[in-house]
$ cat data37.cif   # mmCIF, C-alpha atoms (C1' of nucleotides)
data_data
loop_
_atom_site.label_atom_id
_atom_site.label_comp_id
_atom_site.auth_asym_id
_atom_site.auth_seq_id
_atom_site.Cartn_x
_atom_site.Cartn_y
_atom_site.Cartn_z
CA MET A 1369 -15.51 0.48 4.67
CA PRO A 1370 -18.53 2.26 4.75
CA ARG A 1371 -19.50 4.93 2.72
CA GLN A 1372 -19.09 8.06 4.03
CA ARG A 1373 -21.63 10.23 4.90
CA LYS A 1374 -21.97 12.49 7.45
CA ARG A 1375 -24.30 13.28 9.93
CA VAL A 1376 -25.72 16.24 10.99
CA SER A 1377 -25.17 18.98 13.08
CA GLY A 1378 -24.21 19.17 16.41
CA CYS A 1379 -23.38 15.81 16.72
CA ALA A 1380 -21.12 16.16 19.33
CA PRO A 1381 -23.18 17.05 22.16
CA GLU A 1382 -26.06 14.97 21.84
CA PRO A 1383 -26.02 11.41 21.23
CA GLU A 1384 -29.42 10.77 20.52
CA MET A 1385 -31.00 11.27 17.30
CA GLU A 1386 -30.22 9.43 14.42
CA ALA A 1387 -27.48 10.01 12.41
CA PRO A 1388 -28.17 10.23 9.01
CA SER A 1389 -25.87 9.33 6.67
CA GLY A 1390 -22.45 8.94 6.74
CA LYS A 1391 -19.74 9.26 4.67
CA ARG A 1392 -17.52 6.70 3.78
CA THR A 1393 -14.19 6.55 5.00
CA LYS A 1394 -11.60 8.24 6.72
CA ALA A 1395 -8.97 7.73 9.13
CA THR A 1396 -5.90 8.66 10.75
CA LYS A 1397 -3.50 6.97 12.71
CA THR A 1398 -4.07 5.25 15.69
CA GLU A 1399 -5.53 6.30 18.64
CA THR A 1400 -4.83 9.32 20.31
CA LEU A 1401 -3.66 11.68 18.15
CA ASP A 1402 -0.29 11.14 17.82
CA LYS A 1403 1.07 13.53 15.72
CA PRO A 1404 -0.23 15.99 13.52
CA VAL A 1405 1.04 14.64 10.55
CA VAL A 1406 -0.98 13.66 7.83
CA GLU A 1407 -0.52 10.32 6.99
CA GLU A 1408 -2.03 8.30 4.65
CA LYS A 1409 -1.17 4.98 4.23
CA THR A 1410 -3.46 2.53 3.71
CA ALA A 1411 -3.94 0.32 5.88
CA ASP A 1412 -5.07 -0.51 8.61
CA SER A 1413 -3.37 -1.25 11.21
CA PRO A 1414 -2.38 1.37 13.03
CA LYS A 1415 0.83 2.09 11.98
CA LYS A 1416 1.67 5.35 11.23
CA ASP A 1417 4.29 7.22 10.07
CA GLN A 1418 5.60 6.93 6.84
CA ALA A 1419 3.15 9.11 5.94
CA SER A 1420 4.52 11.14 3.61
CA LYS A 1421 4.90 8.90 0.94
CA HIS A 1422 2.83 9.67 -1.78
CA CYS A 1423 -0.05 11.62 -1.67
CA GLY A 1424 0.29 14.42 0.37
CA ASN A 1425 2.99 14.98 2.42
CA GLU A 1426 2.63 17.83 4.52
CA PRO A 1427 -0.41 18.91 6.10
CA SER A 1428 -2.71 19.84 3.39
CA ALA A 1429 -4.84 22.76 3.83
CA TYR A 1430 -7.40 21.61 1.32
CA TRP A 1431 -9.57 18.56 1.16
CA LEU A 1432 -12.19 16.80 -0.87
CA MET A 1433 -14.90 14.86 0.95
CA LYS A 1434 -17.41 12.56 -0.69
CA SER A 1435 -20.99 12.05 0.32
CA GLU A 1436 -24.07 10.67 -1.37
CA PRO A 1437 -26.80 13.14 -2.29
CA GLU A 1438 -29.31 10.50 -3.30
CA SER A 1439 -31.26 8.21 -1.00
CA ARG A 1440 -29.89 4.76 -0.42
CA LEU A 1441 -30.67 2.48 2.46
CA GLU A 1442 -28.02 0.84 4.53
CA LYS A 1443 -29.26 -1.32 7.35
CA GLY A 1444 -32.59 0.29 6.72
CA ILE A 1445 -31.26 3.77 7.25
CA ASP A 1446 -31.07 6.36 4.52
CA VAL A 1447 -27.51 7.44 4.08
CA LYS A 1448 -28.35 10.37 1.83
CA PHE A 1449 -26.46 13.51 2.68
CA GLY A 1450 -25.94 16.02 -0.09
CA ILE A 1451 -24.76 19.59 0.14
CA GLU A 1452 -28.34 20.78 0.41
CA ASP A 1453 -28.68 18.66 3.51
CA LEU A 1454 -25.62 20.28 5.03
CA LYS A 1455 -26.97 23.69 4.18
CA ALA A 1456 -30.21 22.85 5.94
CA GLN A 1457 -28.57 21.95 9.25
CA PRO A 1458 -28.58 24.31 12.18
CA LYS A 1459 -25.65 26.64 11.69
CA GLN A 1460 -25.19 24.82 8.39
CA THR A 1461 -22.91 22.55 10.32
CA ALA A 1462 -22.76 18.76 10.49
CA CYS A 1463 -20.47 16.06 11.68
CA TRP A 1464 -18.86 13.92 9.05
CA ASP A 1465 -19.46 10.51 10.47
CA GLY A 1466 -19.28 7.05 9.02
CA VAL A 1467 -15.79 7.03 7.63
CA ARG A 1468 -14.49 3.49 8.03
CA ASN A 1469 -11.30 3.42 6.05
CA TYR A 1470 -8.01 3.97 7.82
CA GLN A 1471 -6.46 6.13 5.22
CA ALA A 1472 -9.45 8.40 5.04
CA ARG A 1473 -9.65 8.47 8.83
CA ASN A 1474 -6.06 9.58 9.01
CA PHE A 1475 -6.81 12.47 6.74
CA LEU A 1476 -9.77 13.43 8.92
CA ARG A 1477 -7.47 13.48 11.91
CA ALA A 1478 -5.01 15.69 10.10
CA MET A 1479 -7.60 18.37 9.40
CA LYS A 1480 -7.19 21.67 11.14
CA LEU A 1481 -9.74 24.26 12.09
CA GLY A 1482 -10.56 26.56 9.26
CA GLU A 1483 -9.28 24.38 6.47
CA GLU A 1484 -11.46 24.19 3.41
CA ALA A 1485 -12.91 21.19 1.67
CA PHE A 1486 -14.84 20.52 -1.49
CA PHE A 1487 -18.16 18.80 -0.98
CA TYR A 1488 -18.21 16.05 -3.58
CA HIS A 1489 -21.37 14.23 -4.60
CA SER A 1490 -20.73 10.54 -5.16
CA ASN A 1491 -22.69 7.48 -6.17
CA CYS A 1492 -25.33 9.55 -7.92
CA LYS A 1493 -26.62 10.62 -11.28
CA GLU A 1494 -24.15 13.39 -11.64
CA PRO A 1495 -21.04 12.97 -9.57
CA GLY A 1496 -18.92 16.05 -9.01
CA ILE A 1497 -18.09 19.02 -6.83
CA ALA A 1498 -21.06 20.94 -5.52
CA GLY A 1499 -19.66 23.38 -3.01
CA LEU A 1500 -17.23 24.42 -0.34
CA MET A 1501 -17.20 23.83 3.37
CA LYS A 1502 -14.74 24.37 6.20
CA ILE A 1503 -13.58 22.41 9.18
CA VAL A 1504 -15.12 23.86 12.32
CA LYS A 1505 -14.21 21.12 14.78
CA GLU A 1506 -11.14 18.93 14.59
CA ALA A 1507 -11.24 15.17 14.87
CA TYR A 1508 -13.05 13.52 17.77
CA PRO A 1509 -14.56 10.08 18.18
CA ASP A 1510 -17.31 9.14 15.76
CA HIS A 1511 -20.16 8.08 18.03
CA THR A 1512 -21.81 5.98 15.34
CA GLN A 1513 -19.14 3.32 15.77
CA PHE A 1514 -20.75 2.46 19.13
CA GLU A 1515 -24.36 2.52 17.95
CA LYS A 1516 -25.65 -0.93 17.15
CA ASP A 1517 -28.30 0.32 14.82
CA SER A 1518 -26.01 2.54 12.85
CA PRO A 1519 -24.97 1.43 9.42
CA HIS A 1520 -21.49 2.27 10.59
CA TYR A 1521 -21.49 0.36 13.85
CA ASP A 1522 -18.14 -1.25 14.55
CA PRO A 1523 -18.30 -3.88 17.25
CA SER A 1524 -14.55 -4.10 17.36
CA SER A 1525 -14.14 -0.53 18.52
CA LYS A 1526 -13.85 0.11 22.23
CA LYS A 1527 -15.07 3.16 24.04
CA ASP A 1528 -11.80 3.67 25.76
CA ASN A 1529 -9.95 3.52 22.48
CA PRO A 1530 -12.21 4.54 19.65
CA LYS A 1531 -11.09 3.48 16.21
CA TRP A 1532 -12.94 5.99 14.13
CA SER A 1533 -13.03 9.74 14.09
CA MET A 1534 -15.08 12.49 12.58
CA VAL A 1535 -14.84 16.25 12.19
CA ASP A 1536 -17.51 18.92 12.03
CA VAL A 1537 -17.88 20.85 8.81
CA GLN A 1538 -19.75 24.02 7.98
CA PHE A 1539 -21.20 25.03 4.64
CA ILE A 1540 -19.39 27.92 3.04
CA ARG A 1541 -21.03 28.23 -0.35
CA MET A 1542 -22.09 26.38 -3.44
CA THR A 1543 -19.60 26.50 -6.27
CA LYS A 1544 -20.73 29.03 -8.88
CA ARG A 1545 -21.60 26.06 -11.00
CA PHE A 1546 -21.58 22.34 -10.38
CA ILE A 1547 -18.26 20.90 -11.49
CA PRO A 1548 -18.87 17.42 -12.87
CA LEU A 1549 -16.51 14.54 -12.39
CA ALA A 1550 -16.48 14.04 -16.15
CA GLU A 1551 -15.08 17.53 -16.64
CA LEU A 1552 -12.43 17.05 -13.99
CA LYS A 1553 -11.50 13.79 -15.64
CA VAL A 1554 -10.92 15.48 -18.98
CA HIS A 1555 -8.51 17.88 -17.31
CA HIS A 1556 -6.84 15.08 -15.39
CA GLN A 1557 -6.22 13.18 -18.60
CA ALA A 1558 -4.83 16.24 -20.32
CA HIS A 1559 -2.68 17.11 -17.34
CA LYS A 1560 -1.17 13.66 -17.26
CA ALA A 1561 0.14 14.39 -20.71
CA ASN A 1562 1.18 17.98 -20.21
CA GLY A 1563 2.09 18.09 -16.58
CA GLY A 1564 -0.83 20.22 -15.48
CA PRO A 1565 -2.09 20.65 -11.93
CA LEU A 1566 -4.57 17.78 -11.87
CA GLN A 1567 -2.12 15.13 -13.07
CA ASN A 1568 -1.94 13.39 -9.69
CA MET A 1569 -5.30 14.34 -8.25
CA ALA A 1570 -6.36 11.75 -5.68
CA LEU A 1571 -9.87 11.65 -7.07
CA PHE A 1572 -8.39 9.71 -9.97
CA THR A 1573 -5.30 8.14 -8.51
CA ARG A 1574 -6.96 6.94 -5.30
CA GLN A 1575 -10.29 6.12 -6.67
CA ARG A 1576 -12.12 4.85 -3.65
CA LEU A 1577 -10.76 7.20 -1.02
CA SER A 1578 -13.62 9.22 0.40
CA VAL A 1579 -11.62 11.85 2.23
CA GLN A 1580 -8.64 13.11 0.35
CA PRO A 1581 -6.15 15.97 0.34
CA LEU A 1582 -5.70 18.46 -2.47
CA THR A 1583 -2.59 20.44 -3.18
CA GLN A 1584 -2.83 24.19 -3.50
CA GLY A 1585 -2.41 23.79 -7.25
CA GLU A 1586 -5.24 21.29 -7.46
CA PHE A 1587 -7.53 23.38 -5.33
CA ASP A 1588 -6.83 26.56 -7.28
CA PHE A 1589 -7.29 24.87 -10.62
CA VAL A 1590 -10.59 23.28 -9.66
CA LEU A 1591 -11.89 26.58 -8.34
CA SER A 1592 -10.83 28.35 -11.51
CA LEU A 1593 -13.24 26.13 -13.41
CA GLU A 1594 -16.14 27.86 -11.70
CA ASP A 1595 -15.70 30.87 -13.89
CA LYS A 1596 -15.26 28.97 -17.08
CA LYS A 1597 -17.81 27.51 -19.36
CA PRO A 1598 -18.43 23.92 -18.88
CA SER A 1599 -16.13 22.16 -21.17
"C1'" DG B 578 -27.88 -2.98 -12.48
"C1'" DC B 579 -23.19 -4.06 -13.94
"C1'" DC B 580 -18.78 -4.35 -12.90
"C1'" DA B 581 -13.82 -2.58 -12.26
"C1'" DA B 582 -10.96 -1.08 -8.66
"C1'" DC B 583 -9.29 -2.05 -4.52
"C1'" DG B 584 -9.42 -2.75 0.62
"C1'" DT B 585 -10.12 -6.50 4.07
"C1'" DT B 586 -10.30 -11.14 5.86
"C1'" DG B 587 -8.75 -15.45 6.88
"C1'" DG B 588 -6.63 -20.04 5.54
"C1'" DC B 589 -2.46 -21.88 5.11
"C1'" DG C 977 3.47 -13.26 5.24
"C1'" DC C 978 1.15 -14.72 0.85
"C1'" DC C 979 -2.74 -14.65 -1.56
"C1'" DA C 980 -7.51 -16.10 -2.91
"C1'" DA C 981 -12.04 -15.07 -1.68
"C1'" DC C 982 -14.97 -11.70 -0.53
"C1'" DG C 983 -17.06 -7.14 0.30
"C1'" DT C 984 -17.44 -2.30 -0.73
"C1'" DT C 985 -17.03 1.95 -3.50
"C1'" DG C 986 -18.74 4.38 -6.89
"C1'" DG C 987 -18.72 5.42 -12.04
"C1'" DC C 988 -21.29 4.43 -15.88
#
$ encode --input "data37.cif" --output "structure tokens"
Amino acid sequence: MPRQRKRVSGCAPEPEMEAPSGKRTKATKTETLDKPVVEEKTADSPKKDQASKHCGNEPSAYWLMKSEPESRLEKGIDVKFGIEDLKAQPKQTACWDGVRNYQARNFLRAMKLGEEAFFYHSNCKEPGIAGLMKIVKEAYPDHTQFEKDSPHYDPSSKKDNPKWSMVDVQFIRMTKRFIPLAELKVHHQAHKANGGPLQNMALFTRQRLSVQPLTQGEFDFVLSLEDKKPS
DNA sequence: GCCAACGTTGGC
DNA sequence: GCCAACGTTGGC
């Protein structure tokens, strides 16, 4: 799958412009939205259901979405899209395009208006959580799947039954301080031993998933780190 | 740049 | 349906 990245604002209405980056994956179930459930699953095919197996079961209200803040070319197009890029969009809103992983797509499709997500910087010098954003438009077809020049073009996807979805997100704020992956990892390791809130965090248990749910406990714990000294 | 993790593809 | 080969993600 692709990396995720998102694109920029108002994607929905106008098809032209380029879409910048994209994120990496995401996905939901099969076509039309079937149910609101969150599923995860892995694979691909469109199966669905069973969702609630491990990761999150019920609809999560909190998410973590990865994007690359540093320039990198894919099919000659720069996929860079960091939180500063989101902030710079009109209305500080962008569409999160480019997710090409079924599990991630399913999470995108499960997102509801107003839900909050951490903006995570991946594949860069300092990976970690940079800020908060919210879902301002629920899942709709990712137009980049039909664009031949897009790094995320998918020739197998048909217009009358789009495979990939995206949501629109709006910048809320930067975290009071950048929360590095390394710091989260230290807590995750400790929590595995003592049963703390980050013991099953998807960032570590589902390594390559670019759109992932967080439990309330995970979300609250991560946010509490903002006010603490970097460990 | 290396490479481990892990998802996808395709032969059989 | 198994599984080896391959491709991608993404930390380091």
$ resolve_selection --input "data37.cif" --expression "the PyMOL selection byres ((chain C) within 7 of (chain A))" --output "list in words"
DT984, DT985 and DG986 of chain C
$ resolve_selection --input "data37.cif" --expression "the PyMOL selection byres ((chain B and resi 579) around 12)" --output "list in words"
DG578, DC580 and DA581 of chain B; DG986, DG987 and DC988 of chain C
$ closest_residue --input "data37.cif" --among "A:Leu1571, A:Gln1513, A:Pro1565, A:Tyr1470" --to "A:Asp1588" --atoms "all atoms listed in the file"
A:Pro1565
$ atom_distance --input "data37.cif" --atom1 "atom CA of A:Val1554" --atom2 "atom CA of A:Val1590"
12.2 Å
$ atom_distance --input "data37.cif" --atom1 "atom CA of A:Tyr1430" --atom2 "atom CA of A:Ala1478"
10.9 Å
$ atom_distance --input "data37.cif" --atom1 "atom CA of A:Ser1518" --atom2 "atom CA of A:Lys1455"
22.9 Å
$ resolve_selection --input "data37.cif" --expression "the PyMOL selection byres ((chain A and resi 1580) around 8)" --output "list in words"
Trp1431, Leu1432, Met1433, Ala1472, Phe1475, Ala1570, Leu1571, Leu1577, Ser1578, Val1579, Pro1581 and Leu1582 of chain A
$ write_last_selection --input "data37.cif" --atoms "C-alpha atoms" --output "PDB file, in the coordinates of the input"
ATOM      1  CA  TRP A1431      -9.570  18.560   1.160  1.00  0.00           C
ATOM      2  CA  LEU A1432     -12.190  16.800  -0.870  1.00  0.00           C
ATOM      3  CA  MET A1433     -14.900  14.860   0.950  1.00  0.00           C
ATOM      4  CA  ALA A1472      -9.450   8.400   5.040  1.00  0.00           C
ATOM      5  CA  PHE A1475      -6.810  12.470   6.740  1.00  0.00           C
ATOM      6  CA  ALA A1570      -6.360  11.750  -5.680  1.00  0.00           C
ATOM      7  CA  LEU A1571      -9.870  11.650  -7.070  1.00  0.00           C
ATOM      8  CA  LEU A1577     -10.760   7.200  -1.020  1.00  0.00           C
ATOM      9  CA  SER A1578     -13.620   9.220   0.400  1.00  0.00           C
ATOM     10  CA  VAL A1579     -11.620  11.850   2.230  1.00  0.00           C
ATOM     11  CA  PRO A1581      -6.150  15.970   0.340  1.00  0.00           C
ATOM     12  CA  LEU A1582      -5.700  18.460  -2.470  1.00  0.00           C
TER      13      LEU A1582
END
$ residues_around --input "data37.cif" --residues "A:His1556" --least-positions-apart "5" --cutoff "9 Å" --atoms "all atoms listed in the file" --output "JSON, numbers by chain"
{"A": [1551, 1561, 1564, 1565, 1566, 1567, 1568, 1569, 1572]}
$ residues_around --input "data37.cif" --residues "A:Pro1548" --least-positions-apart "2" --cutoff "10 Å" --atoms "all atoms listed in the file" --output "count of residues only"
15
